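J.: Please see the structure below; I have some questions.
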Amino acid sequence: MKTANKTPYRQIRALFDDETITVYQAYSDEIALAAVEQQKLSASPLFKPTRFTWIKPSWAWMMYRSGYSYKDRGQTRILALRMKHEHFRQILRQATVTGHSGVPLTEEEKSRLVRVQWDPERNLRLGILPFRSIQIGIGGEASRTWAESMIVSIEDVTEKARALKKALEENPAIGEDDLVETGLAPRERVYDVADDLKEILRMGVEADG
């Protein structure tokens with residue numbers, strides 16, 4: 001008798017093609033509108049590259065974090081940021097994994113400019129799933145480099161998020177596959193990385209604590 005495939009506890013899932021991967025972050029109107037117009041995340045002086053910016057490849061987790069863009073004034077616009085694979089992996093190679101393990105960071109780990117957290121994945125209705133989703137925090141000079149030279153394109157996908165929320169409210173029985181087919185959610189696939197990068201990201205962990 002076949003058993004159902006089990007999603008690994010820590011796994012990267014994303015929208016990607018042969019050249020790029022899409023990650024998401026929510027910003028204020030001022031930062032987002034300038035970024036889309038100039039196709040440069042740092043176009044607005046309100047964007048502070050020295051602060052940590054947390055990006056996510058999971059559309060559902062972005063919906064949870066931003067409340068479908070309605071959570072607060074700092075998250076009113078959701079941007080889809082496309083990066084080349086080599087840049088995405090370059091960022092990940094600089095990371096230290098934080099949270100959940102209970103193990104304090106070393107001084108060297110604290111000094112790194114990229115942080116990774118594995119938080120509970122969500123479904124499109126924001127319910128908690130039994131596996132984790134990667135969040136990537138980029139700070140300092142790493143953030144400046146990322147914002148200035150590692151983003152291929154910037155798209156405002158706020159209206160898609162709001163349309164998704166409306167569709168779920170108007171048709172509570174609608175399936176997630178139907179939402180993908182209607183373009184209200186991306187078709188995310190497993191994003192594989194090399195074994196040494198899996199070690200850096202501690203992807204072999206099967207539970208937190």
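Residues are referred to by chain and number: the chain letter is A, B, ... according to the order shown in the structure tokens, the number counts from 1 in that chain, and ligands are numbered separately from 1 in the order shown.
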Please provide as a ChimeraX atom specification all residues within 8 Å of segment 85-87 of chain A, with the sequence filter that same-chain residues fewer than 6 positions apart are discarded (counting only C-alpha atoms).

T.: /A:19-21,150

J.: Per DSSP on the backbone, what are the alpha helix (DSSP H) residues of segment 15-168 of chain A, as a VMD selection string?

T.: chain A and resid 29 to 38 59 to 66 85 to 93 107 to 111 140 to 149 158 to 168

J.: Contacts of Phe131 of chain A at 10 Å or less, counting only C-alpha atoms, minus same-chain residues fewer than 4 places along, as a ChimeraX atom specification?

T.: /A:6-11,118-122,206-207

J.: Any chance you can output those residues with C-alpha atoms as a compact mmCIF listing (two decimals), in the first residue's frame?

T.:
# COMPACT_ATOMS: atom_id res chain seq x y z
CA LYS A 6 5.27 13.84 3.06
CA THR A 7 6.55 17.38 2.59
CA PRO A 8 9.95 17.70 4.32
CA TYR A 9 9.88 19.77 7.48
CA ARG A 10 12.24 22.35 5.94
CA GLN A 11 11.94 22.82 2.20
CA TRP A 118 12.09 28.65 9.23
CA ASP A 119 8.56 29.61 10.21
CA PRO A 120 5.35 27.57 9.99
CA GLU A 121 4.11 27.52 6.40
CA ARG A 122 0.58 28.72 5.73
CA GLU A 206 12.91 17.41 11.26
CA ALA A 207 11.54 19.35 14.23

J.: Rank nothing, just name the residue among A:Ala60, A:Ala34, A:Leu197, A:Ile12 nearest to Ile128 of chain A, using only C-alpha atoms.

T.: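 Nearest candidate to Ile128 of chain A out of A:Ala60, A:Ala34, A:Leu197, A:Ile12: A:Ala60.
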
J.: I'd like the contact shell of Ile154 of chain A - 7 Å cut-off, only C-alpha atoms, skipping same-chain residues fewer than 5 positions apart - returned as a list in words.

T.: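 Skipping anything fewer than 5 positions along the chain leaves Val36, Gln39, Leu79, Ala80, Leu81 and Arg82 of chain A.
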
J.: Tell me which protein, DNA and RNA residues are within 6 Å of segment 41-58 of chain A, counting only C-alpha atoms, leaving out same-chain ones fewer than 4 positions away, and put them as a PyMOL selection string.

T.: chain A and resi 14+23-25+31+34-35+135-140+143-144+147

J.: At most 10 Å is the cut-off: for each residue in segment 30-95 of chain A with any atom that close to an atom of segment 160-174 of chain A, write down the nearest atom pair and the distance in Å rounded to one decimal, counting only C-alpha atoms, chain first then increasing number, as JSON lines.

T.:
{"residue": "A:Trp59", "atom": "CA", "partner": "A:Ala161", "partner_atom": "CA", "distance": 9.0}
{"residue": "A:Ala60", "atom": "CA", "partner": "A:Ala161", "partner_atom": "CA", "distance": 9.6}
{"residue": "A:Met62", "atom": "CA", "partner": "A:Ala161", "partner_atom": "CA", "distance": 9.3}
{"residue": "A:Met63", "atom": "CA", "partner": "A:Ala161", "partner_atom": "CA", "distance": 7.0}
{"residue": "A:Ser66", "atom": "CA", "partner": "A:Ala161", "partner_atom": "CA", "distance": 9.6}
{"residue": "A:Gly67", "atom": "CA", "partner": "A:Ala161", "partner_atom": "CA", "distance": 9.1}
{"residue": "A:Tyr68", "atom": "CA", "partner": "A:Ala161", "partner_atom": "CA", "distance": 5.3}
{"residue": "A:Ser69", "atom": "CA", "partner": "A:Ala161", "partner_atom": "CA", "distance": 7.0}
{"residue": "A:Tyr70", "atom": "CA", "partner": "A:Arg162", "partner_atom": "CA", "distance": 8.5}
{"residue": "A:Arg77", "atom": "CA", "partner": "A:Ala161", "partner_atom": "CA", "distance": 9.5}
{"residue": "A:Ile78", "atom": "CA", "partner": "A:Ala161", "partner_atom": "CA", "distance": 7.9}

J.: Can you measure atom CA of Trp146 of chain A to atom CA of Arg112 of chain A for me? One decimal in Å is fine.

T.: 14.7 Å
